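Heads up: the structure comes next, in structure tokens.
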Amino acid sequence: MTKDLVAIIGGGPVGMGLALNLAALGTRSVLINTQPRPRWHPKGSTQNSRTMEHYRRLGIVDKIRGLGLPLDLKTDVVYYTSLNGWELARLPMPSERQKLEARRAAPATDQVVEPIFRCNQMHAEAALFDHVRTSGLIDTRYGWECVAWSEQADGVTVEIEEVETGRRETIRAAFVAGCDGGHGCVRRQLGIEYQGEAPTITPYQGGPMVSSYLRAPDLHAVAGDRCWQYWVVNHKVRSNIVAVDGKTEFLFNTRLERPDQTPDQAMIAEAFRASVGRDIDVEFISHGTWTAGQAFVAERFGAGRAWMAGDAVHLFTPAGGFGMNTGVDDAANLGWKLAGMVQGWGGPRLLESYEIERRPIAFRNTGAAKALSRNIGQTPVGPEIDHDSQGGMQARREAEAYLSGGSAEFSSLGVQLGARYNSSPVIVSDGSPPADDLVNYRPSSTPGGRAPHLWIGDGRDIGGSIFDRFGKGFTVLRLGPRPPAVDGLMAAFAARGVPVSAVDVPSSLARDLYERDIAVIRPDQHVAWRGNQQPHDARSVVARMVGDD
Ligand SMILES: Cc1cc2nc3c(=O)[nH]c(=O)nc-3n(C[C@H](O)[C@H](O)[C@H](O)COP(=O)(O)OP(=O)(O)OC[C@H]3O[C@@H](n4cnc5c(N)ncnc54)[C@H](O)[C@@H]3O)c2cc1C
């Protein structure tokens, strides 16, 4: 048995994120993925602020920000009757350059360390793949499928098969992590079902969908505006067109009539034509089917030596762009806990705390996505919506009134940054946490939430954020000009073998923001404990934070 190894099944964004979180703490993993390389079909278009913070912590945020749309492309979302028809509503949003400029001018206590980033998942996955391959702690087995796995008292056995040759290998590891998507073998073998809401069938974002990757060099010109997302509602079609490269490539999403319907290119071309409003040159690259309107969460997130993250434990409808992002946040939570178990400092309740912390977040975020997805499917489409008439104007006004209320879908900072683990057994709670708010994020050092953010100094580049000062393991923050001693706390971490660093932030602003002189920050940047003096029972506080009974 390889006692220091985690076997990760599934090398999508969540599996790669988990491997990187383990490697950050010096833990080895083997990353097994059926396909020989990351997918080359667009899916999610949003790397949200929390995901980008994780990428910053893992040292890859600049690489990811180099991908995606041209820096000056507006990320507006515009609703039309057809691209060459009437504009119904517009949600104006800044370009990537404007977001970075706003960050540069933001006050020191601004909470957006990393602005939301519009970049297709396939581009981010390719960059992550290049990165994981360079890590000496990650054995990448792309083109290998897990065909069986089993758990023993002292570890797990994973059987893998090379897809191209049929060659088999047996891997012995300490834990198995199922990041193997919605139909994964880890969840099925554990006998865990999804619970939740099946899709409500609506004219759009409710039921079977087809996403088509296409090239249409004239599309931006027909729309008369170069934007990030175009939505279309008319009598024939409700669809969504997302810019993939900001030039000629797009993702076109439209509804299928039946779940068993094979995407038929002629039908998709007709829907595309009805969305554009006239014939334009189009080259279809690939099609994929998916289901919109669902909100499923697994009954359990794991057991024993097998734990899961990402789509393996929650299935979203894409509205809000929360699916992959919630999975990336799962990986940040599960990563340090698995590392703690492998390295011997994790207690018996540490892995159980993963489910206690993340499952409620899965319900919260799937629920938010489902609520937002009702928007376009329920837009009123009066019979004259595209007529140049009084009735047409009235129909368009009604649609506009409905659609212009859709901004929460694209500005949900509370969903992105506001996950809290108030009732967790590994959080030392000490007060009333702020109320959950899906739209706004309010920083609080009350244990359980993301550490409040502060820019230290004038710069906004790497090194300028308080988060950049945190260690890879736990961080004991000493805040304000006269911080108390933390020697007992540090000694308690050291006695347990937990990776920890002490960081002094002498500014009064930091002390005011945290409202305490000391805060203990976990490897995933959540506050675990705070106080004005180190705890007199430091050993038991540390034991609690790492999962002892
Ligand atoms: C149209 C669309 C738009 C979306 N938009 C967004 C968005 O804007 N933002 C967002 O956050 N999310 C979005 N999502 C959701 C997002 O794509 C998924 O949540 C995300 O891909 C989940 O990542 P994952 O790593 O958990 O699983 P997956 O991406 O499904 O990866 C799982 C991997 O495991 C591999 N695997 C499975 N079984 C085995 C096995 N036995 N052995 C080896 N490998 C195996 C699979 O081949 C696959 O590569 C969207 C989804 C769709 C369909």
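Letters A, B, ... go to the chains of the structure tokens in the order shown; residues in each chain start at 1; ligands are counted from 1 in the same order.
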
Grab me every residue within 6 Å of ligand 1, counting only C-alpha atoms and all ligand atoms, and send it over as a ChimeraX atom specification.
/A:9-15,32-35,43-46,145-147,179-181,184-185,211,290,310-312,318,321-325,327

Export of the given selection (N, CA, C and O atoms) as a compact mmCIF listing (two decimals), in the first residue's frame:
```txt
# COMPACT_ATOMS: atom_id res chain seq x y z
N ILE A 9 -10.03 9.76 -9.21
CA ILE A 9 -10.67 9.26 -10.44
C ILE A 9 -11.42 10.42 -11.07
O ILE A 9 -12.34 10.98 -10.46
N GLY A 10 -11.01 10.80 -12.28
CA GLY A 10 -11.62 11.92 -12.97
C GLY A 10 -10.69 13.11 -13.01
O GLY A 10 -10.37 13.69 -11.97
N GLY A 11 -10.25 13.45 -14.22
CA GLY A 11 -9.31 14.56 -14.38
C GLY A 11 -9.96 15.75 -15.06
O GLY A 11 -9.35 16.39 -15.91
N GLY A 12 -11.21 16.06 -14.69
CA GLY A 12 -11.84 17.31 -15.14
C GLY A 12 -11.30 18.46 -14.26
O GLY A 12 -10.32 18.29 -13.55
N PRO A 13 -11.99 19.60 -14.30
CA PRO A 13 -11.48 20.74 -13.52
C PRO A 13 -11.41 20.46 -12.03
O PRO A 13 -10.51 20.95 -11.35
N VAL A 14 -12.32 19.64 -11.52
CA VAL A 14 -12.36 19.39 -10.07
C VAL A 14 -11.25 18.41 -9.68
O VAL A 14 -10.53 18.63 -8.70
N GLY A 15 -11.09 17.34 -10.46
CA GLY A 15 -10.01 16.39 -10.17
C GLY A 15 -8.65 17.06 -10.25
O GLY A 15 -7.78 16.85 -9.39
N ILE A 32 -6.45 9.96 -12.62
CA ILE A 32 -6.84 9.00 -13.67
C ILE A 32 -8.01 9.56 -14.47
O ILE A 32 -9.03 9.97 -13.89
N ASN A 33 -7.87 9.61 -15.77
CA ASN A 33 -8.94 10.18 -16.60
C ASN A 33 -9.08 9.41 -17.90
O ASN A 33 -8.09 9.18 -18.61
N THR A 34 -10.30 9.02 -18.22
CA THR A 34 -10.54 8.16 -19.38
C THR A 34 -9.99 8.76 -20.68
O THR A 34 -9.30 8.08 -21.44
N GLN A 35 -10.29 10.04 -20.92
CA GLN A 35 -9.85 10.65 -22.18
C GLN A 35 -8.35 10.99 -22.10
O GLN A 35 -7.86 11.34 -21.03
N LYS A 43 -17.88 24.30 -22.34
CA LYS A 43 -18.95 24.12 -21.35
C LYS A 43 -19.09 25.45 -20.63
O LYS A 43 -19.46 26.43 -21.22
N GLY A 44 -18.73 25.45 -19.34
CA GLY A 44 -18.91 26.66 -18.55
C GLY A 44 -18.07 27.82 -19.06
O GLY A 44 -16.95 27.63 -19.54
N SER A 45 -18.61 29.04 -18.92
CA SER A 45 -17.90 30.22 -19.43
C SER A 45 -17.43 31.12 -18.31
O SER A 45 -16.97 32.22 -18.58
N THR A 46 -17.60 30.69 -17.07
CA THR A 46 -17.31 31.59 -15.95
C THR A 46 -16.40 30.93 -14.94
O THR A 46 -16.72 29.89 -14.39
N GLU A 145 -8.70 4.42 -17.67
CA GLU A 145 -10.01 4.39 -17.03
C GLU A 145 -9.96 3.57 -15.76
O GLU A 145 -9.33 2.51 -15.74
N CYS A 146 -10.65 4.04 -14.74
CA CYS A 146 -10.78 3.21 -13.54
C CYS A 146 -11.88 2.18 -13.83
O CYS A 146 -13.03 2.56 -14.12
N VAL A 147 -11.54 0.92 -13.80
CA VAL A 147 -12.55 -0.11 -14.11
C VAL A 147 -13.10 -0.78 -12.85
O VAL A 147 -14.14 -1.43 -12.89
N CYS A 179 -13.86 12.24 -8.53
CA CYS A 179 -14.14 13.53 -9.21
C CYS A 179 -14.57 13.15 -10.62
O CYS A 179 -14.11 13.73 -11.60
N ASP A 180 -15.39 12.13 -10.68
CA ASP A 180 -15.68 11.46 -11.94
C ASP A 180 -17.03 11.82 -12.54
O ASP A 180 -17.59 11.06 -13.33
N GLY A 181 -17.55 13.00 -12.17
CA GLY A 181 -18.72 13.53 -12.86
C GLY A 181 -20.02 12.85 -12.45
O GLY A 181 -20.08 12.04 -11.52
N GLY A 184 -20.36 8.89 -12.32
CA GLY A 184 -19.12 8.29 -11.85
C GLY A 184 -19.28 6.97 -11.12
O GLY A 184 -20.32 6.67 -10.52
N CYS A 185 -18.19 6.20 -11.15
CA CYS A 185 -18.23 4.87 -10.55
C CYS A 185 -18.07 4.90 -9.03
O CYS A 185 -18.46 3.97 -8.34
N SER A 211 -25.73 21.80 -26.84
CA SER A 211 -24.78 22.91 -26.94
C SER A 211 -23.92 22.65 -28.17
O SER A 211 -23.39 21.55 -28.34
N TRP A 290 -26.94 18.11 -22.86
CA TRP A 290 -26.93 18.28 -21.42
C TRP A 290 -28.35 18.54 -20.95
O TRP A 290 -29.25 18.74 -21.77
N GLY A 310 -17.32 17.80 -6.78
CA GLY A 310 -17.73 18.27 -8.10
C GLY A 310 -19.06 17.67 -8.53
O GLY A 310 -19.93 17.35 -7.71
N ASP A 311 -19.20 17.47 -9.84
CA ASP A 311 -20.45 16.93 -10.37
C ASP A 311 -20.77 15.55 -9.78
O ASP A 311 -21.92 15.12 -9.80
N ALA A 312 -19.79 14.87 -9.26
CA ALA A 312 -20.04 13.57 -8.64
C ALA A 312 -21.00 13.71 -7.45
O ALA A 312 -21.67 12.74 -7.08
N PRO A 318 -26.90 25.39 -15.55
CA PRO A 318 -25.77 26.32 -15.67
C PRO A 318 -26.02 27.77 -15.28
O PRO A 318 -25.06 28.52 -15.13
N GLY A 321 -23.57 30.12 -13.49
CA GLY A 321 -22.21 29.59 -13.65
C GLY A 321 -21.64 29.07 -12.35
O GLY A 321 -20.48 29.32 -12.01
N PHE A 322 -22.45 28.30 -11.59
CA PHE A 322 -21.99 27.86 -10.27
C PHE A 322 -21.47 26.42 -10.24
O PHE A 322 -20.87 26.01 -9.26
N GLY A 323 -21.75 25.62 -11.28
CA GLY A 323 -21.51 24.17 -11.20
C GLY A 323 -20.04 23.83 -10.98
O GLY A 323 -19.65 23.29 -9.93
N MET A 324 -19.22 24.12 -11.96
CA MET A 324 -17.79 23.82 -11.83
C MET A 324 -17.18 24.60 -10.67
O MET A 324 -16.35 24.09 -9.91
N ASN A 325 -17.63 25.85 -10.51
CA ASN A 325 -17.05 26.69 -9.46
C ASN A 325 -17.31 26.11 -8.07
O ASN A 325 -16.43 26.16 -7.21
N GLY A 327 -17.61 22.98 -7.50
CA GLY A 327 -16.71 21.82 -7.44
C GLY A 327 -15.27 22.22 -7.11
O GLY A 327 -14.58 21.54 -6.35
```

Show me, as CSV, the residues of segment 288-403 of chain A having an atom within 9 Å of segment 254-267 of chain A, each with the closest atom pair and its distance in Å, using only C-alpha atoms.
```
residue,atom,partner,partner_atom,distance
A:Gly288,CA,A:Pro263,CA,8.0
A:Thr289,CA,A:Pro263,CA,7.6
A:Thr291,CA,A:Pro259,CA,8.2
```

Minimum-distance residue to Arg103 of chain A, chosen among A:Gln394, A:Asn84, A:Gln229, A:Ser465 (using only C-alpha atoms)
A:Ser465

Out of segment 274-396 of chain A, which residues get strand (DSSP E) from DSSP, as an mmCIF file with N, CA and C atoms, in the first residue's frame?
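The result, written out as states.cif:
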```
data_model
loop_
_atom_site.group_PDB
_atom_site.id
_atom_site.type_symbol
_atom_site.label_atom_id
_atom_site.label_comp_id
_atom_site.auth_asym_id
_atom_site.auth_seq_id
_atom_site.Cartn_x
_atom_site.Cartn_y
_atom_site.Cartn_z
ATOM 1 N N GLU A 283 -19.954 27.259 -39.382
ATOM 2 C CA GLU A 283 -19.310 25.940 -39.440
ATOM 3 C C GLU A 283 -19.459 25.310 -38.047
ATOM 4 N N PHE A 284 -20.177 24.189 -37.984
ATOM 5 C CA PHE A 284 -20.347 23.518 -36.690
ATOM 6 C C PHE A 284 -19.112 22.667 -36.396
ATOM 7 N N ILE A 285 -18.586 22.798 -35.199
ATOM 8 C CA ILE A 285 -17.375 22.056 -34.813
ATOM 9 C C ILE A 285 -17.743 20.805 -34.022
ATOM 10 N N SER A 286 -18.618 20.942 -33.039
ATOM 11 C CA SER A 286 -19.045 19.774 -32.249
ATOM 12 C C SER A 286 -20.354 20.090 -31.539
ATOM 13 N N HIS A 287 -21.029 19.033 -31.122
ATOM 14 C CA HIS A 287 -22.285 19.193 -30.374
ATOM 15 C C HIS A 287 -22.208 18.364 -29.101
ATOM 16 N N GLY A 288 -22.864 18.828 -28.073
ATOM 17 C CA GLY A 288 -22.948 18.049 -26.833
ATOM 18 C C GLY A 288 -24.347 18.214 -26.251
ATOM 19 N N THR A 289 -24.847 17.171 -25.598
ATOM 20 C CA THR A 289 -26.171 17.299 -24.977
ATOM 21 C C THR A 289 -26.010 17.451 -23.472
ATOM 22 N N TRP A 290 -26.938 18.109 -22.861
ATOM 23 C CA TRP A 290 -26.926 18.280 -21.417
ATOM 24 C C TRP A 290 -28.349 18.543 -20.954
ATOM 25 N N THR A 291 -28.552 18.509 -19.641
ATOM 26 C CA THR A 291 -29.898 18.714 -19.109
ATOM 27 C C THR A 291 -29.912 19.995 -18.291
ATOM 28 N N ALA A 292 -30.865 20.848 -18.600
ATOM 29 C CA ALA A 292 -30.972 22.116 -17.861
ATOM 30 C C ALA A 292 -32.101 22.025 -16.843
ATOM 31 N N ALA A 295 -31.406 20.280 -10.122
ATOM 32 C CA ALA A 295 -30.728 20.711 -8.887
ATOM 33 C C ALA A 295 -30.607 19.468 -8.018
ATOM 34 N N PHE A 296 -29.527 18.723 -8.224
ATOM 35 C CA PHE A 296 -29.350 17.453 -7.512
ATOM 36 C C PHE A 296 -28.136 17.505 -6.592
ATOM 37 N N VAL A 297 -28.291 16.938 -5.410
ATOM 38 C CA VAL A 297 -27.184 16.846 -4.454
ATOM 39 C C VAL A 297 -27.139 15.403 -3.948
ATOM 40 N N ALA A 298 -25.930 14.829 -3.868
ATOM 41 C CA ALA A 298 -25.809 13.436 -3.422
ATOM 42 C C ALA A 298 -26.195 13.314 -1.944
ATOM 43 N N GLY A 302 -19.406 10.854 0.742
ATOM 44 C CA GLY A 302 -18.371 9.829 0.811
ATOM 45 C C GLY A 302 -18.511 9.026 2.075
ATOM 46 N N ALA A 303 -17.571 8.146 2.265
ATOM 47 C CA ALA A 303 -17.552 7.305 3.467
ATOM 48 C C ALA A 303 -16.193 6.628 3.508
ATOM 49 N N ALA A 306 -13.314 6.673 0.763
ATOM 50 C CA ALA A 306 -13.744 7.143 -0.563
ATOM 51 C C ALA A 306 -14.582 8.406 -0.421
ATOM 52 N N TRP A 307 -14.113 9.495 -1.016
ATOM 53 C CA TRP A 307 -14.815 10.774 -0.934
ATOM 54 C C TRP A 307 -14.958 11.354 -2.332
ATOM 55 N N MET A 308 -15.930 12.229 -2.488
ATOM 56 C CA MET A 308 -16.233 12.724 -3.845
ATOM 57 C C MET A 308 -16.361 14.249 -3.864
ATOM 58 N N HIS A 314 -22.925 16.941 -6.989
ATOM 59 C CA HIS A 314 -23.996 17.919 -7.229
ATOM 60 C C HIS A 314 -24.107 18.204 -8.722
ATOM 61 N N LEU A 315 -25.342 18.287 -9.179
ATOM 62 C CA LEU A 315 -25.593 18.597 -10.593
ATOM 63 C C LEU A 315 -26.420 19.863 -10.666
#
```

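For Val77 of chain A, the residues within 6 Å (counting only C-alpha atoms, excluding itself and residues fewer than 5 positions away along the chain) are A:Arg90, A:Leu91, A:Gln229, A:Tyr230.
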
Ala538 of chain A environment, 9 Å, only C-alpha atoms, sequence neighbours closer than 6 positions dropped, as a PyMOL selection string:
chain A and resi 488-493
